[in-house]
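A quick write-up on the structure given underneath.
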Amino acid sequence: MAFVDRHLTVGRDTHSGEVLARGGDPRAHGILERTGFVPVVRVHERYHRLPTGLDEAEEKRLATRAVARLRTVNYDVDSDTEFDTELREPHYLPLGASVAHLAEQIRWATTTEEAAQALTELTATHDGVLAALDDVLAATAEFYQGLGGAADSATAARLRYLTEGHLGVIRSDLSSTRAELTDRHEPHPQRSVCTAEVGPGERESSAVSGCPPPPRITTAPSPPPALPSPAGRRR
């Protein structure tokens, strides 16, 4: 990882007065967002800011906590003096890490049964990841609907549309995929069980074993339609 990805600045912008965080890698961005910062994506830059409407005491508390959390996991953080701290916080893996582990299980799966087992955690009807996501979207839609504004109602409708029109399709297709894999009972033709044992010609137990990671294929997702912009929101 490049050093620049480990470096961040946290400080008050001299022009706007906003508390901004710049730099860092996706993991650092996740820490900032879990500390209350809001991501801002521009054409030529990306940074994070604190929410609007906070008093200075709350801004200081959140920015100082972000600095402490980032330094706990060894990020190099330059901060304004008012946000500098020697405190550190215990670091716990986020919930998303458990879901990401399913992807690794599938990348290392050597049989259709192993891949199906990982997908089951997503597709389980009552308590799978997708069922929980459905519930989160529904709860968020109810919350927005109760706020009472015209833009709030539009956001609630948008969330319900995502649940019914998109998440439902994903759940259905993945459930069918999982069922098909469960019934196949086949080894993967391009993967074999890795024992991580050293070959007979190797003298050192630390020698590299013949277990290279499987190729990782990524595709760019299609961007979702934009959410309605409530009146008065800062840009």
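Letters A, B, ... mark the chains of the structure tokens in the order given; residue numbers begin at 1 per chain; ligand numbers begin at 1, in order shown.
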Quick one: residues within 10 Å of A:Arg71, only C-alpha atoms, excluding same-chain residues fewer than 2 positions away - as a list in words?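 Contacts, with the query itself left out: Arg65, Ala66, Val67, Ala68, Arg69, Val73, Asn74, Tyr75, Asp76, Val77, Thr85, Glu86, Leu87, Arg88 and Glu89 of chain A.
Among A:Asp25, A:Asp134, A:Asp78, A:Glu186, the residue with the shortest atom-to-atom distance to A:Leu162, counting only C-alpha atoms, is A:Asp134.
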Please, which residues of stretch 2-144 of chain A, numbered as in this document, come out alpha helix (DSSP H) from DSSP, as a ChimeraX atom specification? /A:26-34,56-72,95-108,112-123,129-144
Quick one: residues within 12 Å of A:Tyr92, only C-alpha atoms counted, chain neighbours fewer than 3 positions away excluded, as a VMD selection string? chain A and resid 31 34 69 72 to 73 89 95 to 98
Selection above as a file: N, CA and C atoms, as a PDB file, in the first residue's frame:
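Result saved to part38.pdb:
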```
ATOM      1  N   ILE A  31     -13.663   4.381   8.562  1.00  0.00           N
ATOM      2  CA  ILE A  31     -13.509   4.838   9.948  1.00  0.00           C
ATOM      3  C   ILE A  31     -14.085   6.244  10.111  1.00  0.00           C
ATOM      4  N   ARG A  34     -17.890   6.101  10.051  1.00  0.00           N
ATOM      5  CA  ARG A  34     -18.448   5.547  11.280  1.00  0.00           C
ATOM      6  C   ARG A  34     -18.273   6.496  12.462  1.00  0.00           C
ATOM      7  N   ARG A  69      -9.171   7.235  16.440  1.00  0.00           N
ATOM      8  CA  ARG A  69      -9.474   5.953  15.805  1.00  0.00           C
ATOM      9  C   ARG A  69      -8.522   5.658  14.651  1.00  0.00           C
ATOM     10  N   THR A  72      -5.137   4.691  15.976  1.00  0.00           N
ATOM     11  CA  THR A  72      -5.158   3.368  16.607  1.00  0.00           C
ATOM     12  C   THR A  72      -4.725   2.295  15.626  1.00  0.00           C
ATOM     13  N   VAL A  73      -5.117   2.443  14.356  1.00  0.00           N
ATOM     14  CA  VAL A  73      -4.755   1.449  13.343  1.00  0.00           C
ATOM     15  C   VAL A  73      -3.634   1.979  12.440  1.00  0.00           C
ATOM     16  N   GLU A  89      -8.519   4.240  20.699  1.00  0.00           N
ATOM     17  CA  GLU A  89      -9.727   3.464  20.956  1.00  0.00           C
ATOM     18  C   GLU A  89      -9.536   2.029  20.501  1.00  0.00           C
ATOM     19  N   LEU A  95     -19.233  -4.789  10.589  1.00  0.00           N
ATOM     20  CA  LEU A  95     -20.108  -5.877  10.155  1.00  0.00           C
ATOM     21  C   LEU A  95     -19.830  -6.293   8.707  1.00  0.00           C
ATOM     22  N   GLY A  96     -19.482  -5.317   7.885  1.00  0.00           N
ATOM     23  CA  GLY A  96     -19.223  -5.623   6.491  1.00  0.00           C
ATOM     24  C   GLY A  96     -18.083  -6.605   6.288  1.00  0.00           C
ATOM     25  N   ALA A  97     -17.159  -6.681   7.259  1.00  0.00           N
ATOM     26  CA  ALA A  97     -16.036  -7.606   7.128  1.00  0.00           C
ATOM     27  C   ALA A  97     -16.512  -9.047   7.126  1.00  0.00           C
ATOM     28  N   SER A  98     -17.577  -9.324   7.875  1.00  0.00           N
ATOM     29  CA  SER A  98     -18.109 -10.685   7.894  1.00  0.00           C
ATOM     30  C   SER A  98     -18.698 -11.059   6.538  1.00  0.00           C
TER      31      SER A  98
END
```
Surrounding residues of A:Leu62 excluding itself and chain neighbours under 4 positions, 7 Å, only C-alpha atoms, as a PyMOL selection string: chain A and resi 35-36+58+66
For the residues selected in the previous step, produce a file with C-alpha atoms as a PDB file, in the first residue's frame.
```pdb
ATOM      1  CA  THR A  35     -17.282   8.533  13.336  1.00  0.00           C
ATOM      2  CA  GLY A  36     -19.887  10.802  11.776  1.00  0.00           C
ATOM      3  CA  GLU A  58     -19.524  18.572  19.018  1.00  0.00           C
ATOM      4  CA  ALA A  66     -11.691  10.344  14.319  1.00  0.00           C
TER       5      ALA A  66
END
```
For atom CA of A:Ala150 and atom CA of A:Asp135, the interatomic separation in Å (one decimal):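 According to the coordinates, atom CA of A:Ala150 and atom CA of A:Asp135 are separated by 23.3 Å.
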Give me, as a PyMOL selection string, the residues of chain A that a backbone DSSP run labels strand (DSSP E). chain A and resi 7-12+19-23+38-41+46-49+76-79
Can those selected residues be exported to a file as a short mmCIF file (atom, residue, chain, number, x, y, z; two decimals), in the first residue's frame so that it contains N, CA and C atoms?
```cif
data_model
loop_
_atom_site.label_atom_id
_atom_site.label_comp_id
_atom_site.auth_asym_id
_atom_site.auth_seq_id
_atom_site.Cartn_x
_atom_site.Cartn_y
_atom_site.Cartn_z
N HIS A 7 -1.83 8.38 4.83
CA HIS A 7 -1.72 9.74 5.37
C HIS A 7 -3.04 10.48 5.21
N LEU A 8 -3.46 11.18 6.27
CA LEU A 8 -4.67 12.00 6.23
C LEU A 8 -4.41 13.33 6.93
N THR A 9 -5.22 14.31 6.58
CA THR A 9 -5.25 15.56 7.32
C THR A 9 -6.67 15.77 7.85
N VAL A 10 -6.78 16.25 9.06
CA VAL A 10 -8.08 16.57 9.67
C VAL A 10 -7.97 17.98 10.22
N GLY A 11 -8.75 18.89 9.68
CA GLY A 11 -8.66 20.27 10.13
C GLY A 11 -9.82 21.12 9.66
N ARG A 12 -9.85 22.34 10.14
CA ARG A 12 -10.91 23.27 9.79
C ARG A 12 -10.51 24.07 8.55
N VAL A 19 -15.09 21.43 9.15
CA VAL A 19 -14.06 20.47 9.54
C VAL A 19 -13.99 19.40 8.46
N LEU A 20 -12.82 19.29 7.81
CA LEU A 20 -12.66 18.39 6.67
C LEU A 20 -11.56 17.38 6.95
N ALA A 21 -11.72 16.20 6.39
CA ALA A 21 -10.68 15.16 6.43
C ALA A 21 -10.33 14.81 4.99
N ARG A 22 -9.05 14.81 4.68
CA ARG A 22 -8.60 14.52 3.32
C ARG A 22 -7.56 13.41 3.35
N GLY A 23 -7.56 12.62 2.27
CA GLY A 23 -6.58 11.56 2.14
C GLY A 23 -7.08 10.24 2.68
N VAL A 38 -19.17 12.80 6.63
CA VAL A 38 -19.97 12.58 5.43
C VAL A 38 -19.05 12.62 4.21
N PRO A 39 -19.08 11.61 3.34
CA PRO A 39 -18.22 11.64 2.15
C PRO A 39 -18.71 12.67 1.14
N VAL A 40 -17.77 13.34 0.51
CA VAL A 40 -18.05 14.31 -0.55
C VAL A 40 -17.22 13.92 -1.76
N VAL A 41 -17.88 13.70 -2.89
CA VAL A 41 -17.18 13.29 -4.11
C VAL A 41 -17.35 14.38 -5.15
N ARG A 46 -11.92 13.91 -3.63
CA ARG A 46 -12.82 13.25 -2.69
C ARG A 46 -12.32 13.59 -1.29
N TYR A 47 -13.26 13.95 -0.40
CA TYR A 47 -12.89 14.24 0.98
C TYR A 47 -14.09 13.96 1.86
N HIS A 48 -13.94 14.17 3.16
CA HIS A 48 -15.03 13.96 4.11
C HIS A 48 -15.22 15.23 4.93
N ARG A 49 -16.44 15.49 5.30
CA ARG A 49 -16.75 16.66 6.13
C ARG A 49 -17.64 16.23 7.29
N ASP A 76 -1.19 7.77 9.55
CA ASP A 76 -0.43 8.98 9.83
C ASP A 76 -1.38 10.16 9.65
N VAL A 77 -1.73 10.82 10.74
CA VAL A 77 -2.76 11.87 10.71
C VAL A 77 -2.15 13.19 11.15
N ASP A 78 -2.22 14.18 10.27
CA ASP A 78 -1.91 15.56 10.62
C ASP A 78 -3.22 16.25 10.95
N SER A 79 -3.32 16.82 12.16
CA SER A 79 -4.57 17.45 12.55
C SER A 79 -4.32 18.83 13.12
#
```
Would you mind telling me which residue in A:Ser153, A:Thr14, A:Thr140, A:Gln105 lies nearest to A:Glu121 when using only C-alpha atoms? A:Gln105
